[in-house]
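Okay, entry-v6.pdb now, which holds PDB, C-alpha atoms:
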```pdb
ATOM      1  CA  MET Q 372      87.412 105.549  67.500
ATOM      2  CA  ALA Q 373      85.884 103.399  70.241
ATOM      3  CA  GLN Q 374      85.591 105.040  73.613
ATOM      4  CA  LEU Q 375      86.355 103.372  76.921
ATOM      5  CA  SER Q 376      83.137 102.251  78.597
ATOM      6  CA  VAL Q 377      83.102 103.114  82.298
ATOM      7  CA  PRO Q 378      80.734 100.938  84.349
ATOM      8  CA  THR Q 379      78.290 102.792  86.561
ATOM      9  CA  VAL Q 380      77.878 102.067  90.243
ATOM     10  CA  ASP Q 381      74.504 102.197  91.986
ATOM     11  CA  TYR Q 382      75.619 103.860  95.196
ATOM     12  CA  THR Q 383      72.091 103.766  96.586
ATOM     13  CA  GLN Q 384      72.575 100.039  97.198
ATOM     14  CA  TYR Q 385      75.389 100.639  99.687
ATOM     15  CA  SER Q 386      75.583 102.495 102.972
ATOM     16  CA  ASN Q 387      78.451 104.831 103.791
ATOM     17  CA  ARG Q 388      79.866 102.249 106.212
ATOM     18  CA  GLN Q 389      79.914  99.620 103.483
ATOM     19  CA  LEU Q 390      81.703 101.976 101.090
ATOM     20  CA  VAL Q 391      84.482 102.889 103.513
ATOM     21  CA  ALA Q 392      84.985  99.372 104.902
ATOM     22  CA  VAL Q 393      87.381  98.097 102.235
ATOM     23  CA  PRO Q 394      89.520 101.268 101.858
ATOM     24  CA  LEU Q 395      89.898 101.662 105.612
ATOM     25  CA  ALA Q 396      90.672  97.963 106.116
ATOM     26  CA  LEU Q 397      93.410  98.045 103.463
ATOM     27  CA  LEU Q 398      94.795 101.292 104.889
ATOM     28  CA  ALA Q 399      94.935  99.693 108.349
ATOM     29  CA  VAL Q 400      96.840  96.703 106.958
ATOM     30  CA  ALA Q 401      99.235  99.029 105.106
ATOM     31  CA  LEU Q 402      99.910 101.038 108.268
ATOM     32  CA  LEU Q 403     100.565  97.819 110.203
ATOM     33  CA  VAL Q 404     103.093  96.716 107.581
ATOM     34  CA  ILE Q 405     104.819 100.107 107.553
ATOM     35  CA  GLY Q 406     104.759 100.338 111.348
ATOM     36  CA  GLY Q 407     106.210  96.845 111.702
ATOM     37  CA  TRP Q 408     108.927  97.688 109.203
ATOM     38  CA  TYR Q 409     109.798 100.788 111.186
ATOM     39  CA  LEU Q 410     110.004  98.866 114.471
ATOM     40  CA  PHE Q 411     112.335  96.218 113.018
ATOM     41  CA  THR Q 412     114.485  98.336 110.684
ATOM     42  CA  GLY Q 413     114.191 101.914 111.964
ATOM     43  CA  ALA Q 414     112.749 103.079 108.640
ATOM     44  CA  PRO Q 415     109.251 102.870 107.091
ATOM     45  CA  ALA Q 416     110.679 101.050 104.057
ATOM     46  CA  ASN Q 417     113.895  99.499 102.769
ATOM     47  CA  LEU Q 418     116.129 102.482 102.023
ATOM     48  CA  GLY Q 419     117.998 102.507  98.747
ATOM     49  CA  LEU Q 420     121.637 103.308  98.091
ATOM     50  CA  GLU Q 421     120.912 107.034  97.720
ATOM     51  CA  PHE Q 422     119.658 107.266 101.304
ATOM     52  CA  VAL Q 423     122.020 105.031 103.303
ATOM     53  CA  GLY Q 424     125.245 105.068 101.291
ATOM     54  CA  GLY Q 425     127.118 102.136  99.843
ATOM     55  CA  SER Q 426     128.535 100.741  96.618
ATOM     56  CA  GLU Q 427     127.008  99.148  93.544
ATOM     57  CA  ILE Q 428     128.721  97.087  90.828
ATOM     58  CA  ARG Q 429     127.200  95.763  87.614
ATOM     59  CA  ILE Q 430     128.948  92.710  86.143
ATOM     60  CA  ASP Q 431     128.427  90.468  83.129
ATOM     61  CA  ASP Q 432     126.864  87.065  83.667
ATOM     62  CA  PRO Q 433     129.752  84.927  84.999
ATOM     63  CA  GLY Q 434     128.083  81.752  83.727
ATOM     64  CA  GLY Q 435     127.878  78.435  85.553
ATOM     65  CA  ASN Q 436     126.937  78.712  89.208
ATOM     66  CA  ALA Q 437     126.756  82.505  89.331
ATOM     67  CA  ALA Q 438     125.548  82.711  92.933
ATOM     68  CA  GLN Q 439     128.480  80.663  94.218
ATOM     69  CA  GLN Q 440     131.007  82.568  92.113
ATOM     70  CA  ILE Q 441     129.718  85.906  93.433
ATOM     71  CA  GLU Q 442     129.761  84.634  97.011
ATOM     72  CA  THR Q 443     133.394  83.513  96.822
ATOM     73  CA  ALA Q 444     134.654  86.502  94.818
ATOM     74  CA  PHE Q 445     134.096  89.189  97.449
ATOM     75  CA  SER Q 446     135.279  89.503 101.025
ATOM     76  CA  ALA Q 447     131.795  90.646 102.109
ATOM     77  CA  GLU Q 448     128.360  89.322 101.239
ATOM     78  CA  PRO Q 449     126.360  91.692  98.972
ATOM     79  CA  SER Q 450     123.279  93.211 100.599
ATOM     80  CA  SER Q 451     121.413  92.474  97.366
ATOM     81  CA  VAL Q 452     122.051  90.578  94.138
ATOM     82  CA  ARG Q 453     119.752  91.221  91.169
ATOM     83  CA  GLN Q 454     119.869  89.634  87.720
ATOM     84  CA  ILE Q 455     118.697  91.625  84.712
ATOM     85  CA  ALA Q 456     116.329  89.563  82.594
ATOM     86  CA  ALA Q 457     117.237  91.128  79.250
ATOM     87  CA  ASP Q 458     120.985  90.397  79.159
ATOM     88  CA  GLY Q 459     121.635  88.259  82.238
ATOM     89  CA  THR Q 460     123.946  90.773  83.899
ATOM     90  CA  TYR Q 461     124.060  91.073  87.688
ATOM     91  CA  ILE Q 462     123.825  94.146  89.905
ATOM     92  CA  LEU Q 463     125.546  93.754  93.287
ATOM     93  CA  THR Q 464     124.941  96.200  96.136
ATOM     94  CA  PHE Q 465     127.146  96.474  99.222
ATOM     95  CA  SER Q 466     126.264  98.540 102.291
ATOM     96  CA  GLU Q 467     128.775 101.150 103.416
ATOM     97  CA  GLY Q 468     131.481  99.651 105.638
ATOM     98  CA  ALA Q 469     130.744  96.075 104.617
ATOM     99  CA  VAL Q 470     134.188  95.635 103.020
ATOM    100  CA  GLU Q 471     137.419  96.083 104.955
ATOM    101  CA  THR Q 472     139.846  98.560 103.388
ATOM    102  CA  PRO Q 473     143.086  98.178 105.395
ATOM    103  CA  ASP Q 474     145.293  99.976 102.859
ATOM    104  CA  GLY Q 475     143.206 103.138 102.968
ATOM    105  CA  SER Q 476     141.482 102.509  99.628
ATOM    106  CA  ASN Q 477     137.823 103.332  99.369
ATOM    107  CA  GLN Q 478     135.295 100.500  99.371
ATOM    108  CA  LEU Q 479     134.416 100.754  95.697
ATOM    109  CA  THR Q 480     138.049 100.405  94.629
ATOM    110  CA  VAL Q 481     138.446  97.260  96.739
ATOM    111  CA  LEU Q 482     135.265  95.763  95.291
ATOM    112  CA  GLU Q 483     136.412  96.479  91.739
ATOM    113  CA  GLN Q 484     139.766  94.819  92.450
ATOM    114  CA  GLN Q 485     138.056  91.737  93.905
ATOM    115  CA  ALA Q 486     135.671  91.524  90.944
ATOM    116  CA  GLU Q 487     138.526  91.723  88.420
ATOM    117  CA  ALA Q 488     140.561  89.156  90.377
ATOM    118  CA  ALA Q 489     137.599  86.759  90.158
ATOM    119  CA  GLY Q 490     137.451  87.231  86.390
ATOM    120  CA  PHE Q 491     134.264  89.289  86.296
ATOM    121  CA  SER Q 492     133.778  91.896  83.592
ATOM    122  CA  ILE Q 493     132.614  95.163  85.215
ATOM    123  CA  GLN Q 494     130.045  97.145  83.222
ATOM    124  CA  ALA Q 495     129.532  99.991  85.701
ATOM    125  CA  SER Q 496     130.154 100.917  89.321
ATOM    126  CA  SER Q 497     129.129 103.703  91.672
ATOM    127  CA  SER Q 498     129.103 104.651  95.345
ATOM    128  CA  VAL Q 499     127.301 107.058  97.678
ATOM    129  CA  SER Q 500     128.693 108.327 100.980
ATOM    130  CA  PRO Q 501     126.539 107.893 104.115
ATOM    131  CA  SER Q 502     126.566 111.644 104.829
ATOM    132  CA  PHE Q 503     125.317 112.459 101.337
ATOM    133  CA  GLY Q 504     122.683 109.740 101.662
ATOM    134  CA  SER Q 505     121.486 111.180 104.975
ATOM    135  CA  ASN Q 506     121.136 114.646 103.449
ATOM    136  CA  THR Q 507     119.278 113.217 100.459
ATOM    137  CA  GLN Q 508     116.930 111.342 102.781
ATOM    138  CA  THR Q 509     116.106 114.550 104.668
ATOM    139  CA  ILE Q 510     115.454 116.481 101.449
ATOM    140  CA  ALA Q 511     113.227 113.717 100.041
ATOM    141  CA  LEU Q 512     111.167 113.495 103.238
ATOM    142  CA  GLY Q 513     110.844 117.268 103.299
ATOM    143  CA  GLY Q 514     109.592 117.219  99.717
ATOM    144  CA  VAL Q 515     106.810 114.758 100.577
ATOM    145  CA  LEU Q 516     105.759 116.791 103.633
ATOM    146  CA  VAL Q 517     105.731 120.048 101.658
ATOM    147  CA  ALA Q 518     103.639 118.373  98.937
ATOM    148  CA  PHE Q 519     101.052 117.257 101.503
ATOM    149  CA  LEU Q 520     101.001 120.681 103.148
ATOM    150  CA  GLY Q 521     100.584 122.459  99.824
ATOM    151  CA  MET Q 522      97.834 120.051  98.794
ATOM    152  CA  SER Q 523      95.966 120.600 102.076
ATOM    153  CA  VAL Q 524      96.106 124.391 101.782
ATOM    154  CA  LEU Q 525      95.034 124.329  98.115
ATOM    155  CA  VAL Q 526      92.040 122.071  98.741
ATOM    156  CA  PHE Q 527      90.849 124.116 101.720
ATOM    157  CA  VAL Q 528      91.143 127.371  99.755
ATOM    158  CA  MET Q 529      89.169 125.871  96.857
ATOM    159  CA  PHE Q 530      86.252 124.457  98.865
ATOM    160  CA  ARG Q 531      86.369 126.563 102.066
ATOM    161  CA  SER Q 532      85.065 123.604 104.059
ATOM    162  CA  ILE Q 533      86.674 121.028 106.327
ATOM    163  CA  ALA Q 534      84.817 117.885 105.208
ATOM    164  CA  PRO Q 535      85.708 117.984 101.472
ATOM    165  CA  SER Q 536      89.278 118.880 102.383
ATOM    166  CA  VAL Q 537      89.521 115.924 104.785
ATOM    167  CA  ALA Q 538      88.127 113.631 102.073
ATOM    168  CA  VAL Q 539      90.838 114.674  99.610
ATOM    169  CA  ILE Q 540      93.634 114.482 102.172
ATOM    170  CA  ALA Q 541      92.511 111.072 103.475
ATOM    171  CA  SER Q 542      92.375 109.697  99.934
ATOM    172  CA  ALA Q 543      95.823 111.053  99.043
ATOM    173  CA  PHE Q 544      97.300 109.720 102.298
ATOM    174  CA  SER Q 545      95.962 106.241 101.577
ATOM    175  CA  ASP Q 546      97.179 106.451  97.963
ATOM    176  CA  VAL Q 547     100.721 106.883  99.304
ATOM    177  CA  MET Q 548     100.575 104.408 102.195
ATOM    178  CA  LEU Q 549      99.260 101.441 100.168
ATOM    179  CA  PRO Q 550     102.070 101.431  97.549
ATOM    180  CA  LEU Q 551     104.637 102.125 100.288
ATOM    181  CA  ALA Q 552     103.496  98.998 102.142
ATOM    182  CA  MET Q 553     103.506  97.047  98.878
ATOM    183  CA  MET Q 554     107.105  98.161  98.268
ATOM    184  CA  ASN Q 555     108.096  96.530 101.549
ATOM    185  CA  LEU Q 556     106.329  93.283 100.659
ATOM    186  CA  LEU Q 557     107.851  93.180  97.157
ATOM    187  CA  GLY Q 558     111.360  94.161  98.268
ATOM    188  CA  ILE Q 559     111.399  97.479  96.386
ATOM    189  CA  ASN Q 560     113.745 100.032  97.933
ATOM    190  CA  LEU Q 561     112.739 103.579  98.769
ATOM    191  CA  SER Q 562     114.939 105.578  96.423
ATOM    192  CA  LEU Q 563     114.851 108.970  94.736
ATOM    193  CA  GLY Q 564     112.915 107.389  91.889
ATOM    194  CA  THR Q 565     110.255 105.790  94.067
ATOM    195  CA  VAL Q 566     109.931 108.975  96.148
ATOM    196  CA  ALA Q 567     109.252 110.804  92.875
ATOM    197  CA  ALA Q 568     106.605 108.191  92.078
ATOM    198  CA  LEU Q 569     104.945 108.759  95.467
ATOM    199  CA  LEU Q 570     104.926 112.511  94.805
ATOM    200  CA  MET Q 571     103.320 111.845  91.427
ATOM    201  CA  LEU Q 572     100.630 109.806  93.185
ATOM    202  CA  ILE Q 573      99.804 112.775  95.393
ATOM    203  CA  GLY Q 574      99.250 114.800  92.226
ATOM    204  CA  TYR Q 575      97.140 112.072  90.604
ATOM    205  CA  SER Q 576      95.063 111.729  93.779
ATOM    206  CA  VAL Q 577      94.399 115.442  94.153
ATOM    207  CA  ASP Q 578      93.438 115.666  90.468
ATOM    208  CA  SER Q 579      90.827 112.879  90.615
ATOM    209  CA  ASP Q 580      89.493 113.930  94.033
ATOM    210  CA  ILE Q 581      89.096 117.592  93.081
ATOM    211  CA  LEU Q 582      87.327 116.504  89.891
ATOM    212  CA  LEU Q 583      84.872 114.507  92.008
ATOM    213  CA  ASN Q 584      84.441 117.210  94.671
ATOM    214  CA  ASN Q 585      83.957 119.943  92.098
ATOM    215  CA  SER Q 586      81.352 117.922  90.197
ATOM    216  CA  ILE Q 587      79.356 117.185  93.362
ATOM    217  CA  LEU Q 588      79.668 120.476  95.233
ATOM    218  CA  ARG Q 589      79.741 123.081  92.460
ATOM    219  CA  GLU Q 590      78.014 121.729  89.366
ATOM    220  CA  SER Q 591      74.307 121.151  88.750
ATOM    221  CA  GLY Q 592      72.581 117.807  89.255
ATOM    222  CA  ASP Q 593      71.855 115.632  92.240
ATOM    223  CA  PHE Q 594      74.563 113.759  94.137
ATOM    224  CA  TYR Q 595      74.407 110.505  92.141
ATOM    225  CA  GLU Q 596      74.211 112.214  88.762
ATOM    226  CA  SER Q 597      77.213 114.381  89.635
ATOM    227  CA  THR Q 598      79.174 111.355  90.896
ATOM    228  CA  SER Q 599      78.448 109.418  87.704
ATOM    229  CA  ARG Q 600      79.550 112.382  85.579
ATOM    230  CA  ALA Q 601      82.821 112.677  87.473
ATOM    231  CA  MET Q 602      83.435 108.921  87.251
ATOM    232  CA  ARG Q 603      83.155 108.890  83.472
ATOM    233  CA  THR Q 604      86.052 111.322  83.212
ATOM    234  CA  GLY Q 605      88.091 110.314  86.256
ATOM    235  CA  VAL Q 606      88.007 106.546  85.764
ATOM    236  CA  THR Q 607      88.874 106.916  82.074
ATOM    237  CA  MET Q 608      91.917 109.062  82.904
ATOM    238  CA  THR Q 609      93.115 106.740  85.654
ATOM    239  CA  LEU Q 610      92.676 103.534  83.644
ATOM    240  CA  THR Q 611      94.569 105.114  80.744
ATOM    241  CA  SER Q 612      97.420 106.023  83.090
ATOM    242  CA  ILE Q 613      97.446 102.508  84.590
ATOM    243  CA  ALA Q 614      97.684 100.953  81.122
ATOM    244  CA  ALA Q 615     100.578 103.253  80.165
ATOM    245  CA  MET Q 616     102.434 102.595  83.429
ATOM    246  CA  ALA Q 617     101.905  98.822  83.111
ATOM    247  CA  VAL Q 618     103.444  98.813  79.617
ATOM    248  CA  MET Q 619     106.367 100.908  80.872
ATOM    249  CA  THR Q 620     106.912  98.536  83.800
ATOM    250  CA  VAL Q 621     107.039  95.431  81.624
ATOM    251  CA  ALA Q 622     109.358  97.073  79.093
ATOM    252  CA  ALA Q 623     111.672  98.397  81.824
ATOM    253  CA  TYR Q 624     111.838  94.968  83.465
ATOM    254  CA  LEU Q 625     112.724  93.245  80.186
ATOM    255  CA  PHE Q 626     115.477  95.770  79.445
ATOM    256  CA  GLY Q 627     116.835  95.703  82.996
ATOM    257  CA  ILE Q 628     116.013  99.317  83.893
ATOM    258  CA  GLN Q 629     115.473  98.715  87.586
ATOM    259  CA  ILE Q 630     114.502 102.226  88.635
ATOM    260  CA  MET Q 631     111.831 102.504  85.936
ATOM    261  CA  THR Q 632     110.483  99.084  86.886
ATOM    262  CA  ALA Q 633     110.177 100.173  90.524
ATOM    263  CA  ILE Q 634     108.537 103.472  89.562
ATOM    264  CA  GLY Q 635     106.075 101.669  87.306
ATOM    265  CA  ILE Q 636     105.058  99.173  89.999
ATOM    266  CA  VAL Q 637     104.571 101.955  92.560
ATOM    267  CA  LEU Q 638     102.447 103.990  90.143
ATOM    268  CA  VAL Q 639     100.280 101.051  89.059
ATOM    269  CA  VAL Q 640      99.571 100.047  92.672
ATOM    270  CA  GLY Q 641      98.995 103.655  93.683
ATOM    271  CA  LEU Q 642      96.627 104.386  90.790
ATOM    272  CA  LEU Q 643      94.589 101.269  91.560
ATOM    273  CA  ALA Q 644      94.426 102.455  95.160
ATOM    274  CA  ASP Q 645      93.340 105.887  93.918
ATOM    275  CA  LEU Q 646      90.382 104.372  92.064
ATOM    276  CA  MET Q 647      89.265 102.645  95.248
ATOM    277  CA  ASN Q 648      89.846 105.598  97.561
ATOM    278  CA  THR Q 649      88.264 108.191  95.275
ATOM    279  CA  TYR Q 650      85.088 106.293  94.397
ATOM    280  CA  LEU Q 651      84.551 104.505  97.708
ATOM    281  CA  LEU Q 652      86.177 106.473 100.539
ATOM    282  CA  ASN Q 653      85.814 109.965  99.082
ATOM    283  CA  VAL Q 654      82.304 109.345  97.752
ATOM    284  CA  SER Q 655      81.109 108.109 101.136
ATOM    285  CA  LEU Q 656      82.532 111.158 102.944
ATOM    286  CA  LEU Q 657      81.021 113.539 100.399
ATOM    287  CA  ARG Q 658      77.639 111.809 100.547
ATOM    288  CA  TRP Q 659      77.644 112.164 104.323
ATOM    289  CA  TYR Q 660      78.593 115.834 103.961
ATOM    290  CA  VAL Q 661      75.926 116.596 101.337
ATOM    291  CA  ASN Q 662      73.192 114.666 103.148
ATOM    292  CA  ARG Q 663      73.912 115.862 106.687
ATOM    293  CA  GLY Q 664      70.790 115.402 108.780
ATOM    294  CA  VAL Q 665      69.221 113.324 106.006
ATOM    295  CA  LYS Q 666      69.375 109.529 105.947
ATOM    296  CA  ALA Q 667      71.673 108.547 103.067
TER     297      ALA Q 667
END
```
Write-out of the structure in structure tokens:
Amino acid sequence: MAQLSVPTVDYTQYSNRQLVAVPLALLAVALLVIGGWYLFTGAPANLGLEFVGGSEIRIDDPGGNAAQQIETAFSAEPSSVRQIAADGTYILTFSEGAVETPDGSNQLTVLEQQAEAAGFSIQASSSVSPSFGSNTQTIALGGVLVAFLGMSVLVFVMFRSIAPSVAVIASAFSDVMLPLAMMNLLGINLSLGTVAALLMLIGYSVDSDILLNNSILRESGDFYESTSRAMRTGVTMTLTSIAAMAVMTVAAYLFGIQIMTAIGIVLVVGLLADLMNTYLLNVSLLRWYVNRGVKA
């Protein structure tokens, strides 16, 4: 069976400043996007239904001018309208409190009544209360922070040195920030699924970075030989994961599985970022650490 050929990089042709320029520039842009989003919306990304509360209805394709029919059917404008490519159905999302409920009914019941009155066929419906969404948001954020803390402690215990630990943490941080910024630009909501994808990226990042650090700092061979050895394994694993996630993303999009599509996009972007951060940012920091006092 043919093996994946991993191209080698002649790191001697590039200074440490040249290696870190692109990763740091992209990280700066990502932080600007996330910071701007926070200033304008009060959150680092568009929060999904699980975090803010609201109602969601999935209806069959009404045919004709669907957008106009949906607009006139409900007393409130949906916060998002998505069409599923595979079967043409529509998913409508309404923020909590968007629909008036004068008779004491809950919002979802009113939306279902309005959809049926307009002649829509409802496939599924669900709602999340704002209080539950707030609790879920707190738990999800806590999970990400605990993951970073655990990663930091583990890396420091393994290498007993600040510089390699900083290299791993910086790479993992960038691996999370870049896809988070891309989610904002692509209109992907931060949901339980995408938070899980970001947590997976932390694991992927730590795996590839520890592989690189261990090869350079603990195994025999000079710096460039050790880096090349780690790249052959690490790049092969990451490219294989990217290919699998890309196939999953396309299949999920065609079958209208929105959450899997979002997870796939986040993982593909994050894994591409991990390649860059591991073999540019992390390599440059490790080369500086190994060659302290010696011109790299």
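Surrounding residues of (104.7, 105.3, 99.6) at most 8 Å away are Asp546, Val547, Met548, Leu549, Pro550, Leu551, Ala552, Met554, Thr565, Val566, Leu569 and Val637 of chain Q (based on only C-alpha atoms).
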Convert the current residue selection to file output with C-alpha atoms, as an mmCIF file, in the coordinates of the input.
```
data_model
loop_
_atom_site.group_PDB
_atom_site.id
_atom_site.type_symbol
_atom_site.label_atom_id
_atom_site.label_comp_id
_atom_site.auth_asym_id
_atom_site.auth_seq_id
_atom_site.Cartn_x
_atom_site.Cartn_y
_atom_site.Cartn_z
ATOM 1 C CA ASP Q 546 97.179 106.451 97.963
ATOM 2 C CA VAL Q 547 100.721 106.883 99.304
ATOM 3 C CA MET Q 548 100.575 104.408 102.195
ATOM 4 C CA LEU Q 549 99.260 101.441 100.168
ATOM 5 C CA PRO Q 550 102.070 101.431 97.549
ATOM 6 C CA LEU Q 551 104.637 102.125 100.288
ATOM 7 C CA ALA Q 552 103.496 98.998 102.142
ATOM 8 C CA MET Q 554 107.105 98.161 98.268
ATOM 9 C CA THR Q 565 110.255 105.790 94.067
ATOM 10 C CA VAL Q 566 109.931 108.975 96.148
ATOM 11 C CA LEU Q 569 104.945 108.759 95.467
ATOM 12 C CA VAL Q 637 104.571 101.955 92.560
#
```
Please write as a PDB file with C-alpha atoms, in the frame of the given file the full residue list that the PyMOL selection byres ((chain Q and resi 543) around 8) yields on this file.
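Printed below is result.pdb as written:
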```pdb
ATOM      1  CA  VAL Q 539      90.838 114.674  99.610  1.00  0.00           C
ATOM      2  CA  ILE Q 540      93.634 114.482 102.172  1.00  0.00           C
ATOM      3  CA  ALA Q 541      92.511 111.072 103.475  1.00  0.00           C
ATOM      4  CA  SER Q 542      92.375 109.697  99.934  1.00  0.00           C
ATOM      5  CA  PHE Q 544      97.300 109.720 102.298  1.00  0.00           C
ATOM      6  CA  SER Q 545      95.962 106.241 101.577  1.00  0.00           C
ATOM      7  CA  ASP Q 546      97.179 106.451  97.963  1.00  0.00           C
ATOM      8  CA  VAL Q 547     100.721 106.883  99.304  1.00  0.00           C
ATOM      9  CA  LEU Q 572     100.630 109.806  93.185  1.00  0.00           C
ATOM     10  CA  ILE Q 573      99.804 112.775  95.393  1.00  0.00           C
ATOM     11  CA  SER Q 576      95.063 111.729  93.779  1.00  0.00           C
ATOM     12  CA  VAL Q 577      94.399 115.442  94.153  1.00  0.00           C
ATOM     13  CA  ASP Q 645      93.340 105.887  93.918  1.00  0.00           C
TER      14      ASP Q 645
END
```
Item to complete: Identify, on the basis of all atoms listed in the file, every residue whose closest approach to Ser655 (chain Q) does not exceed 8 Å; exclude the query and any residue fewer than 4 positions from it along the same chain; express the result as a PyMOL selection string.
Response: chain Q and resi 387-388+390-391+651+659
If the box runs along x, y and z of the file and leaves 4 Å on each side of region 599-605 of chain Q, what are its centre and edge lengths in Å, one decimal, as AutoDock Vina command-line options?
```
--center_x 83.3 --center_y 110.8 --center_z 85.5 --size_x 17.6 --size_y 11.8 --size_z 12.5
```
Worksheet item: For Leu420 (chain Q), which residue out of Q:Val452, Q:Ala444, Q:Leu561, Q:Glu483 is the nearest one, using only C-alpha atoms?
Response: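 The shortest atom-to-atom distance to Leu420 (chain Q) comes from Q:Leu561.
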Practice prompt. To verify the selection step, state as a PyMOL selection string which residues the PyMOL selection byres ((chain Q and resi 497-499) around 10) yields on this input.
Written response: chain Q and resi 420-429+464-467+477-480+495-496+500-504
Practice prompt. Counting all atoms listed in the file, figure out which residue out of Q:Met619, Q:Met553, Q:Leu588, Q:Ala511 gets nearest to Leu397 (chain Q).
Written response: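 With all atoms listed in the file as the atom set, the closest residue is Q:Met553.
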